[in-house]
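Read through the structure below, which is laid out as structure tokens, and then see the notes.
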Amino acid sequence: MPAGKYKNMLTLTHFLILSFILFSIGVAGVLLRRNIIIVLMSLELIFNSVNISLAAFSYFMQSLSGTIFVIFNITIAAAEVAIGLAILVTVYRRRKTVYVDELDEMKG
Amino acid sequence: MIELAWLIPMLPFTGAVINGFFGSRMPKKTVGLIACLVMAGAFIISSSLFIKILSLPVDQRSIEVTYFTWIASGAFHLDIGFLIDPLSTLMIMVVTGVGLLIHIYSVGYMHEDKGFWRYFAYLNLFVFFMLMLVLGGNYLVMFLGWEGVGLCSFLLIGFWYEKKSASDAGKKAFVVNRIGDFGFVLGLFLLFWTLSSHGVTSLDYKTVFASLHHIDTATITVITLLLFVGATGKSAQLPLYVWLPDAMEGPTPVSALIHAATMVTAGVYMIARNNALYAMAPISGEVVAVVGICTALFAATIGLVQNDIKKVLAYSTVSQLGYMFAAVGLGAYTAGVFHLMTHAFFKGLMFLGSGSVIHAMGGEQDMRKMGGLHKHMKITSVTFIIGALAIAGMPPFSGFWSKDEILWEAFEKGHTIIWAMGLLTAFLTAFYMFRQVFMTFTGECRADRHTQEHLHESPKIMTVPLIILAILAAAGGIVGISFFEEGTAAHHFLSPVFEQGGHAAANVGGHVAQNGEALHGGMEAILMAVSVAAGLCGIFLAGLLYYAPLKKYAPSFWRPEVIAAAFKPVYALLYNKYYVDEMYDHIIVNPIKRFCGWCLSFDLGIIDGIVNGAAWTTRLWAWLLHKFDIYIIDGVINSAATFTGYNSGFWRRLQTGRLQNYALIFVIGLLIIVGSALLG
Amino acid sequence: MLETLNINLTAILPEILLTALALCVMALDLIMRRGASRLVLGYLSIIGLLIILPVSCVSVIDGAFYGGMVKADGFSAYFNAIFIIAAIFTILISMDYLKRVNINKGEYYYIVLFATLGMMVMAASNDLVNLYVGLELMALSFYVLVAIRTASSKSVEAALKYFVLGALSSGVLLYGISFTYGVAGTTNFTEIAFQARRVTILDPYLLLAIVFIIVGFSFKIALFPFHLWSPDTYEGAPTPIAALLSVGSKAAAFAAFMRVFLVALPVYQPHWSRIFWGLSAATMLYGSVVAISQKNIVRMLAYSSIAHAGIIMIGFLVTSDMGAAGVMYYLLVYAFMNIGAFTVVTLFIRSSGRGESIRDYRGLAVRHPWLAFVMSIFLVSLAGIPPTGGFTAKFFILSSAINAQYYWLAVIGVVSTAISLFFYAKVIFYMYLSEPDALTEGTAGGAAGGADRDLPIMSSATCNIVLVAAAVGTVLLGIYPTPFIDMAIKAVKPFFLT
């Protein structure tokens, strides 16, 4: 790759790597964090990593449907987080905890 | 009459439905009446069908009837239909005839039971499935009946479910039969798959038999062996015979109908029906014959030392079934089916007789506590002795003709070892059967005073079936006597069914048969004499041991206790039935139990283990991620307090936090699939 | 994407009607007095669904609509029928159940309707966007429904587990979808298939996308390593919702699988069918083995449902019209037999937690011969014993596997069926051959104190309707499957034309 004017250019790969990193962090957050709020935030991170890759594909392929998909995604994610927080509230009322590892009444 | 054939199974089914749904609200009389009437109806139609078939010319005796297309889709075409031919009509005669008698008998035997209606609903249902099994014109209907009789057998063995031994026996029968059925299903699948790869998608017997030339010998050997595995389960052959002796926990008429006369012979019927397949696989035939004769001898030796009146009969059933398998395995299908019929008569009779005895003894089954019952129950004892003479192979009783024919076929086809084993079994059979007769009906009564006072002959409703069965057991051999030059009546009637099998069998052992033609008459008479002598020998030796008038002539070493002491290890081995049950427990049942326990702890133990293991490997990764966390997530929201609690809680969380265990497994599963997809 | 928009309201008439129905119920719930019984909403939903059922069966039109996003073919009609039947059954048993657990919430009914709508959108979609929106509509509705017993600590725990794992799986699915879009340049199934046929070499990104999509939907179907949520969620959720989850959500995910893999990605069949092979085999064995050791009947049914999913998978992965039709037929039968079994279970569940153990079924035949009888029909069918629908369904699936030469899978299917007999038979055995347990008798509660007194087990009229309909359906599909199989074959034929 020649130096000069292309040096600062962002390619699709950059976006995909960013998306992958965000996705991995999100997954790791879901796996490792005790606090349900942070787990929910990690889930949001996963959704947004996908949005980045969708938007990037859409931009580099000059195809609109990816962008439309992103808008759908954002809407759905909003609904999702609303329900997630509602469930979190009921969990807290019932169990007086926001730590996922304290919720193991059912197993086996 | 052919048009009415569908009524034969449907009548018992109707009885089962009526009794099953409304029986609990009907008086016992009505329940019994309905059950017996539907059986009588089925029997009458069966008889007229039988006569109809007899009246047809020989080459038109095989009639296929299709009632209903079950699954028809593309190449698949499964029908519900019957195949009415000499074999199936003979079978329905036995099933409905013996079944009717046993139903009538049961009305008397079960009259005090609170599950009266349930009993008759099950019994009628059983007859329905059994009739489907034998009438079915394709493998599907046979399989339906095959599974259905198993279900009814399970329900009826565990009929007195309050008794733990009874419900255990039911479970055992269920499990063992499943093992057999597994082989059976595999065999059927293999058969259809092989045929369908040659464009034959029908399951009708006729179509299947007509297209067998597509299949090579190796495949057909595997198929027939797998089918035989099913037969060993259903018909209680080595090594799956273990459930039958335990099945005696069920009511005695059930033992008579299901575990002696009909269901257990389904395996024999199945092989006879598939004679075309077995004819193409001589190795399978040999295996069937060898397993059969080994079972016959094996079960007979166990029968020698049993003290429970029904257990003796159970082992003798296993042993007699072995005879039938030996016969069909050798290609002597007529002899096998003939013995099936006579066995249904005399063994049904003996079971009902033993039921009469148990009834009189107030539920006692131990022969050591019986004795001298002849004085109290003349009809039972006379009919029982007729049955014993028949099974011992004494002429002119039915068992003589059928057993003799099996032995003769074995000898004629050159299988002298099988013949010798069969002869030895015949001797043992005569011995233990008359040991039973002498212990039960002769000598002094060894029961307690209370039982003795209550000894009585059973009511008419029970003795009349006994008498009819006794007549059949005595005279049922008529069809086996050589009236015609070219063979017996049974041969004449059944041989068209076995034509295909017969041809191939003739090719296998043809020269022996031809050479033996001249010797036929003389040799047969000699063999007959030998087998009768063996039977007489057995009866005599049993008499020396157990029959008071003969006992005094016995030498001093010929006493039960002396023999038992002298051959203590052998006696113990036989008494404990070769420890087969214990062996199965150790080798199969316990490991399975342990496996189930292991499964139970799978989620708790193994998955946690996986989680732990994964945690070790991902610790570094997690630590690194954690460093990121501080800046990206924690840095904004949480303070360093979370961080300090993080490491301490790390392990604990993975151990107990189920949700994240799930998520971790989810991700591990994802990674494994990604890895295998990218690498593979 | 340049084809005409092709707007056709008839094509999405069932969806429109269902949306209208749900909104009506919602509006009615808002204007009703607080505390007034919401049962009327349940009846309204049922009447509405009964009207939509025939409509959805006849609104079959060739072609793709709304820019190629929506299909109204026989395939979606077949699945719509399954969803609507499942929804009707679920609402019928819910009305009785909600009364018993003291929940008087109108949202229960319209959220069930929205969940059904989500399933219908999934089955009718011809585009990844549409598919995903339908999936989320269904999933979000289920998250709420699982949590609706806010007073129960189990219910909220189940909802949280289901939500977090469900969202994770949605994320994974989305990631896969985004890669598919990146490689193919479109989200439309037909165009993806066109692109895939042009470039026959499998792009590693696309392979990754396939894996992610498989995992995302496998979660909904509860295939083996992604099944962990299902026993907990079924146990914690209201029992009728567990029934709808096990039937509707599973069927919808199968519909999605078939749309994506049979329409969009048939070219890569050797690649994805290998993955499904492993998942199916592991699921069948795991589900049936673990179910044996279960003590709780709902958990047992959950594992049984996992095992069934594995077997249904066979019919899908063999990629033949026989197999695909077998999947659809199996799901139809499963709707009847599984909801039937869940209905009996629902009648047993008490707020005190009693009635959840398999041991509570001892001696049921003596006390409630009718319940024991129908329960046996359902269990026999689940076990795959003729003459029930469960048998014919298994028969079709396994024979399609043999036809397509997946012998080992067929053998594993037979083994799993044989294993599963143990735990189904155990329940029948308890019902018919065991003494009733004194504790399960409602009257025994009196001794334990008034607060713990249980209502006697009584089947209400609505539940009886479900029991009769499910039993008749189970047996009818067993003895006369031909028309239903033919319909299914006709529905999937277009998938295999190219």
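In the structure tokens, the first chain shown is A, the next is B, and so on; residue numbers restart at 1 for each chain, and ligands run from 1 in the order shown.
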* To do: Name all residues at most 12 Å from B:Ala420 (count only C-alpha atoms; drop same-chain ones fewer than 2 positions away) and give them as an MDAnalysis selection string.
  => chainID B and resid 293:294 296:297 406:408 410:411 414:418 422:427 527 530:531 534
Output C-alpha atoms for every residue in the selection just made, as an mmCIF file, in the first residue's frame.
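out-v3.cif written:
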```cif
data_model
loop_
_atom_site.group_PDB
_atom_site.id
_atom_site.type_symbol
_atom_site.label_atom_id
_atom_site.label_comp_id
_atom_site.auth_asym_id
_atom_site.auth_seq_id
_atom_site.Cartn_x
_atom_site.Cartn_y
_atom_site.Cartn_z
ATOM 1 C CA ILE B 293 -33.095 -76.260 21.018
ATOM 2 C CA CYS B 294 -30.585 -74.814 23.505
ATOM 3 C CA ALA B 296 -35.519 -75.979 25.209
ATOM 4 C CA LEU B 297 -32.845 -77.930 27.054
ATOM 5 C CA ILE B 406 -40.355 -82.031 15.197
ATOM 6 C CA LEU B 407 -37.909 -84.687 16.335
ATOM 7 C CA TRP B 408 -38.447 -86.662 13.168
ATOM 8 C CA ALA B 410 -34.673 -82.858 12.856
ATOM 9 C CA PHE B 411 -33.459 -86.402 12.403
ATOM 10 C CA GLY B 414 -29.609 -84.842 9.334
ATOM 11 C CA HIS B 415 -29.408 -82.699 12.471
ATOM 12 C CA THR B 416 -28.782 -85.567 14.843
ATOM 13 C CA ILE B 417 -27.381 -83.350 17.593
ATOM 14 C CA ILE B 418 -30.525 -81.262 17.640
ATOM 15 C CA GLY B 422 -34.652 -82.616 21.729
ATOM 16 C CA LEU B 423 -34.909 -86.185 22.952
ATOM 17 C CA LEU B 424 -33.109 -85.314 26.180
ATOM 18 C CA THR B 425 -35.449 -82.368 26.628
ATOM 19 C CA ALA B 426 -38.419 -84.637 26.061
ATOM 20 C CA PHE B 427 -37.139 -86.880 28.805
ATOM 21 C CA LEU B 527 -37.794 -92.850 16.484
ATOM 22 C CA VAL B 530 -37.423 -94.012 21.270
ATOM 23 C CA SER B 531 -39.107 -90.739 22.158
ATOM 24 C CA ALA B 534 -37.688 -91.371 26.859
#
```
* Asked: Got a sec to tell me which of chain A DSSP assigns to helix (DSSP H, G or I), as a PyMOL selection string?
  -> chain A and resi 12-32+36-61+64-95+100-102
* Starting from chain A, keep only residues with some atom at most 10 Å from an atom of chain B, counting only C-alpha atoms, and report them as number ranges by chain. => A: 24-25, 27-35, 38-39, 41-42, 99-108
* Which residues come within 12 Å of B:Val254, counting only C-alpha atoms, excluding same-chain residues fewer than 2 positions away, as a PyMOL selection string? -> chain B and resi 98-99+101-103+105-106+109-110+119-120+122-124+126-127+152-160+247-252+256-264+310+348+351-352+355
Write a file of the selected residues as a short mmCIF file (atom, residue, chain, number, x, y, z; two decimals), in the first residue's frame, keeping N, CA and C atoms.
```cif
data_model
loop_
_atom_site.label_atom_id
_atom_site.label_comp_id
_atom_site.auth_asym_id
_atom_site.auth_seq_id
_atom_site.Cartn_x
_atom_site.Cartn_y
_atom_site.Cartn_z
N VAL B 98 -59.10 -70.72 22.06
CA VAL B 98 -58.52 -70.79 23.40
C VAL B 98 -58.86 -69.52 24.18
N GLY B 99 -58.86 -68.40 23.46
CA GLY B 99 -59.18 -67.13 24.11
C GLY B 99 -60.58 -67.14 24.70
N LEU B 101 -62.33 -69.73 25.68
CA LEU B 101 -62.37 -70.59 26.86
C LEU B 101 -61.76 -69.89 28.06
N ILE B 102 -60.65 -69.19 27.81
CA ILE B 102 -59.98 -68.54 28.94
C ILE B 102 -60.78 -67.36 29.45
N HIS B 103 -61.49 -66.68 28.55
CA HIS B 103 -62.38 -65.60 29.00
C HIS B 103 -63.45 -66.16 29.92
N TYR B 105 -63.41 -68.92 31.63
CA TYR B 105 -62.77 -69.36 32.87
C TYR B 105 -62.49 -68.17 33.79
N SER B 106 -62.05 -67.05 33.16
CA SER B 106 -61.68 -65.88 33.96
C SER B 106 -62.87 -65.31 34.73
N TYR B 109 -62.67 -67.15 37.73
CA TYR B 109 -61.43 -66.99 38.47
C TYR B 109 -61.30 -65.61 39.09
N MET B 110 -61.78 -64.60 38.38
CA MET B 110 -61.56 -63.23 38.83
C MET B 110 -62.78 -62.66 39.56
N TYR B 119 -59.65 -55.82 34.08
CA TYR B 119 -59.07 -57.07 33.62
C TYR B 119 -59.64 -57.45 32.26
N PHE B 120 -60.98 -57.40 32.12
CA PHE B 120 -61.57 -57.84 30.87
C PHE B 120 -61.32 -56.84 29.75
N TYR B 122 -58.54 -55.15 29.39
CA TYR B 122 -57.18 -55.47 28.93
C TYR B 122 -57.17 -56.75 28.12
N LEU B 123 -57.92 -57.74 28.63
CA LEU B 123 -57.87 -59.05 27.99
C LEU B 123 -58.46 -58.97 26.58
N ASN B 124 -59.58 -58.26 26.45
CA ASN B 124 -60.17 -58.09 25.12
C ASN B 124 -59.23 -57.31 24.21
N PHE B 126 -56.07 -57.23 24.39
CA PHE B 126 -54.98 -58.13 24.00
C PHE B 126 -55.39 -58.98 22.82
N VAL B 127 -56.60 -59.56 22.90
CA VAL B 127 -57.06 -60.43 21.81
C VAL B 127 -57.12 -59.64 20.51
N CYS B 152 -50.25 -54.89 26.24
CA CYS B 152 -51.28 -55.56 27.06
C CYS B 152 -50.63 -56.54 28.02
N SER B 153 -49.60 -57.22 27.53
CA SER B 153 -48.91 -58.15 28.41
C SER B 153 -48.34 -57.42 29.61
N PHE B 154 -47.73 -56.26 29.34
CA PHE B 154 -47.18 -55.43 30.42
C PHE B 154 -48.27 -55.02 31.40
N LEU B 155 -49.41 -54.60 30.86
CA LEU B 155 -50.50 -54.16 31.73
C LEU B 155 -51.04 -55.32 32.57
N LEU B 156 -51.11 -56.49 31.96
CA LEU B 156 -51.72 -57.61 32.67
C LEU B 156 -50.76 -58.28 33.65
N ILE B 157 -49.46 -58.26 33.32
CA ILE B 157 -48.50 -58.81 34.30
C ILE B 157 -48.55 -57.96 35.56
N GLY B 158 -48.59 -56.65 35.35
CA GLY B 158 -48.63 -55.76 36.51
C GLY B 158 -50.05 -55.49 36.98
N PHE B 159 -50.96 -56.43 36.66
CA PHE B 159 -52.37 -56.16 36.96
C PHE B 159 -52.57 -55.91 38.45
N TRP B 160 -51.93 -56.75 39.26
CA TRP B 160 -52.02 -56.52 40.70
C TRP B 160 -50.87 -55.62 41.10
N ALA B 247 -43.19 -63.15 34.70
CA ALA B 247 -44.51 -62.72 34.25
C ALA B 247 -45.61 -63.52 34.93
N MET B 248 -45.23 -64.59 35.63
CA MET B 248 -46.24 -65.39 36.31
C MET B 248 -46.89 -64.65 37.47
N GLU B 249 -46.39 -63.44 37.73
CA GLU B 249 -47.01 -62.62 38.77
C GLU B 249 -48.42 -62.18 38.36
N GLY B 250 -48.71 -62.22 37.09
CA GLY B 250 -50.04 -61.82 36.63
C GLY B 250 -51.07 -62.87 37.00
N PRO B 251 -52.35 -62.55 36.82
CA PRO B 251 -53.40 -63.53 37.08
C PRO B 251 -53.18 -64.79 36.24
N THR B 252 -53.53 -65.94 36.77
CA THR B 252 -53.22 -67.19 36.09
C THR B 252 -53.87 -67.33 34.70
N ALA B 256 -52.10 -68.21 31.11
CA ALA B 256 -52.55 -69.23 30.18
C ALA B 256 -52.71 -68.66 28.78
N LEU B 257 -53.35 -67.51 28.69
CA LEU B 257 -53.66 -66.97 27.36
C LEU B 257 -52.43 -66.33 26.72
N ILE B 258 -51.81 -65.42 27.47
CA ILE B 258 -50.76 -64.60 26.86
C ILE B 258 -49.42 -65.30 26.93
N HIS B 259 -49.10 -65.86 28.09
CA HIS B 259 -47.74 -66.35 28.29
C HIS B 259 -47.63 -67.84 28.08
N ALA B 260 -48.64 -68.43 27.43
CA ALA B 260 -48.50 -69.83 27.06
C ALA B 260 -49.11 -70.06 25.69
N ALA B 261 -50.37 -69.66 25.52
CA ALA B 261 -51.08 -70.09 24.31
C ALA B 261 -50.83 -69.17 23.13
N THR B 262 -50.85 -67.86 23.34
CA THR B 262 -50.84 -67.00 22.16
C THR B 262 -49.64 -66.08 22.02
N MET B 263 -49.53 -65.05 22.88
CA MET B 263 -48.55 -64.02 22.58
C MET B 263 -47.13 -64.56 22.42
N VAL B 264 -46.74 -65.42 23.33
CA VAL B 264 -45.35 -65.88 23.26
C VAL B 264 -45.08 -66.70 22.00
N LYS B 310 -46.54 -72.43 39.14
CA LYS B 310 -46.59 -71.68 37.89
C LYS B 310 -45.21 -71.51 37.27
N GLY B 348 -52.32 -74.22 27.77
CA GLY B 348 -53.44 -73.43 28.27
C GLY B 348 -54.19 -74.23 29.32
N PHE B 351 -52.16 -74.43 32.59
CA PHE B 351 -52.18 -73.17 33.34
C PHE B 351 -53.52 -72.96 34.01
N LEU B 352 -54.59 -73.22 33.26
CA LEU B 352 -55.91 -73.06 33.86
C LEU B 352 -56.07 -74.05 35.01
N GLY B 355 -54.33 -72.74 37.84
CA GLY B 355 -55.13 -71.66 38.39
C GLY B 355 -56.22 -72.21 39.29
#
```
* Within 9 Å of chain A: residues of chain C, using only C-alpha atoms, as a PyMOL selection string -> chain C and resi 1+129+132-133+136-137+140+143-144+147+150-154+156-161+163-164+167-168+170-172+174-179+181-183+185-187+231-233+235-236+294+299
Can you spit out the residues from that selection as a compact mmCIF listing (two decimals), in the first residue's frame, using N, CA and C atoms?
```
# COMPACT_ATOMS: atom_id res chain seq x y z
N MET C 1 -33.39 -5.74 -6.13
CA MET C 1 -34.22 -4.85 -5.33
C MET C 1 -35.04 -3.92 -6.21
N VAL C 129 -34.43 -9.29 6.89
CA VAL C 129 -34.91 -8.21 7.75
C VAL C 129 -36.27 -8.57 8.33
N TYR C 132 -36.06 -11.29 10.85
CA TYR C 132 -35.54 -10.87 12.14
C TYR C 132 -36.58 -10.07 12.93
N VAL C 133 -37.32 -9.22 12.23
CA VAL C 133 -38.35 -8.44 12.92
C VAL C 133 -39.41 -9.38 13.51
N GLU C 136 -38.03 -11.15 16.56
CA GLU C 136 -37.94 -10.30 17.75
C GLU C 136 -39.33 -10.02 18.33
N LEU C 137 -40.31 -9.85 17.45
CA LEU C 137 -41.67 -9.64 17.94
C LEU C 137 -42.10 -10.82 18.79
N LEU C 140 -39.70 -10.97 22.08
CA LEU C 140 -40.01 -9.94 23.08
C LEU C 140 -41.33 -10.25 23.78
N TYR C 143 -40.68 -12.94 26.30
CA TYR C 143 -39.99 -12.48 27.51
C TYR C 143 -41.02 -11.96 28.51
N VAL C 144 -41.95 -11.18 28.00
CA VAL C 144 -42.96 -10.60 28.89
C VAL C 144 -43.86 -11.70 29.46
N ALA C 147 -42.46 -13.69 32.23
CA ALA C 147 -42.32 -12.94 33.49
C ALA C 147 -43.65 -12.52 34.08
N THR C 150 -45.40 -12.04 38.15
CA THR C 150 -44.37 -11.26 38.84
C THR C 150 -44.28 -11.63 40.32
N ALA C 151 -45.32 -12.27 40.84
CA ALA C 151 -45.28 -12.62 42.25
C ALA C 151 -44.43 -13.86 42.49
N SER C 152 -44.12 -14.58 41.44
CA SER C 152 -43.38 -15.83 41.63
C SER C 152 -41.90 -15.60 41.38
N SER C 153 -41.08 -16.00 42.33
CA SER C 153 -39.64 -15.77 42.16
C SER C 153 -39.09 -16.63 41.04
N LYS C 154 -39.72 -17.79 40.83
CA LYS C 154 -39.26 -18.65 39.73
C LYS C 154 -39.54 -18.01 38.39
N VAL C 156 -39.80 -14.84 37.54
CA VAL C 156 -38.92 -13.73 37.16
C VAL C 156 -37.52 -14.24 36.85
N GLU C 157 -37.09 -15.25 37.61
CA GLU C 157 -35.76 -15.80 37.33
C GLU C 157 -35.74 -16.42 35.93
N ALA C 158 -36.80 -17.16 35.62
CA ALA C 158 -36.88 -17.78 34.30
C ALA C 158 -36.87 -16.72 33.22
N ALA C 159 -37.62 -15.63 33.46
CA ALA C 159 -37.68 -14.58 32.45
C ALA C 159 -36.32 -13.96 32.24
N LEU C 160 -35.59 -13.74 33.33
CA LEU C 160 -34.28 -13.11 33.18
C LEU C 160 -33.34 -14.02 32.39
N LYS C 161 -33.34 -15.30 32.75
CA LYS C 161 -32.46 -16.22 32.03
C LYS C 161 -32.83 -16.27 30.55
N PHE C 163 -34.39 -14.04 28.86
CA PHE C 163 -34.12 -12.78 28.20
C PHE C 163 -32.64 -12.63 27.86
N VAL C 164 -31.78 -12.84 28.84
CA VAL C 164 -30.35 -12.60 28.59
C VAL C 164 -29.84 -13.54 27.51
N ALA C 167 -31.41 -12.67 24.12
CA ALA C 167 -30.81 -11.50 23.50
C ALA C 167 -29.43 -11.84 22.96
N LEU C 168 -28.69 -12.65 23.72
CA LEU C 168 -27.37 -13.07 23.25
C LEU C 168 -27.50 -13.81 21.92
N SER C 170 -29.93 -13.59 19.82
CA SER C 170 -30.33 -12.65 18.78
C SER C 170 -29.12 -11.91 18.24
N GLY C 171 -28.24 -11.54 19.16
CA GLY C 171 -27.02 -10.86 18.73
C GLY C 171 -26.19 -11.72 17.81
N VAL C 172 -26.04 -12.98 18.20
CA VAL C 172 -25.26 -13.90 17.36
C VAL C 172 -25.91 -14.04 16.00
N LEU C 174 -27.88 -11.92 14.50
CA LEU C 174 -27.71 -10.67 13.76
C LEU C 174 -26.33 -10.57 13.15
N TYR C 175 -25.35 -11.00 13.92
CA TYR C 175 -23.98 -10.96 13.42
C TYR C 175 -23.87 -11.82 12.17
N GLY C 176 -24.50 -12.99 12.24
CA GLY C 176 -24.51 -13.87 11.07
C GLY C 176 -25.24 -13.23 9.91
N ILE C 177 -26.36 -12.58 10.21
CA ILE C 177 -27.13 -11.93 9.14
C ILE C 177 -26.31 -10.83 8.48
N SER C 178 -25.57 -10.09 9.32
CA SER C 178 -24.80 -8.98 8.75
C SER C 178 -23.71 -9.52 7.82
N PHE C 179 -23.12 -10.62 8.15
CA PHE C 179 -22.10 -11.21 7.26
C PHE C 179 -22.74 -11.71 5.97
N TYR C 181 -25.32 -10.54 4.59
CA TYR C 181 -25.57 -9.34 3.80
C TYR C 181 -24.29 -8.85 3.16
N GLY C 182 -23.21 -8.88 3.94
CA GLY C 182 -21.94 -8.40 3.42
C GLY C 182 -21.45 -9.23 2.25
N VAL C 183 -21.64 -10.53 2.32
CA VAL C 183 -21.13 -11.38 1.25
C VAL C 183 -22.04 -11.34 0.03
N GLY C 185 -24.61 -9.18 -0.52
CA GLY C 185 -25.03 -7.86 -0.95
C GLY C 185 -26.52 -7.65 -0.91
N THR C 186 -27.24 -8.56 -0.36
CA THR C 186 -28.68 -8.44 -0.28
C THR C 186 -29.18 -9.25 0.90
N THR C 187 -30.40 -8.95 1.34
CA THR C 187 -30.98 -9.73 2.42
C THR C 187 -32.15 -10.57 1.93
N PRO C 231 -35.30 -25.85 29.99
CA PRO C 231 -35.93 -26.46 31.17
C PRO C 231 -36.26 -25.43 32.25
N ASP C 232 -35.34 -24.52 32.50
CA ASP C 232 -35.58 -23.50 33.53
C ASP C 232 -36.74 -22.60 33.15
N THR C 233 -36.74 -22.19 31.89
CA THR C 233 -37.79 -21.27 31.47
C THR C 233 -39.16 -21.94 31.50
N GLU C 235 -40.07 -24.32 33.36
CA GLU C 235 -40.48 -24.55 34.74
C GLU C 235 -40.99 -23.25 35.37
N GLY C 236 -40.30 -22.16 35.09
CA GLY C 236 -40.67 -20.91 35.74
C GLY C 236 -41.84 -20.21 35.08
N GLN C 294 -35.50 -36.84 35.30
CA GLN C 294 -36.25 -35.68 35.79
C GLN C 294 -37.33 -36.09 36.77
N ARG C 299 -40.19 -30.08 33.63
CA ARG C 299 -38.80 -30.23 33.16
C ARG C 299 -38.68 -31.46 32.27
```
* Restrict the distance test to only C-alpha atoms, flag each residue of chain C within 9 Å of chain B, and return the flagged residues as JSON, numbers by chain. => {"C": [160, 161, 164, 165, 168, 169, 204, 207, 208, 211, 212, 215, 219, 224, 225, 226, 227, 228, 229, 271, 272, 274, 275, 289, 290, 291, 292, 293, 294, 322, 369, 385, 386, 387, 392, 399, 402, 403, 411, 414, 415, 418, 422, 429, 432, 433, 434, 435, 478, 479, 480, 481, 482, 483, 485, 486, 489]}
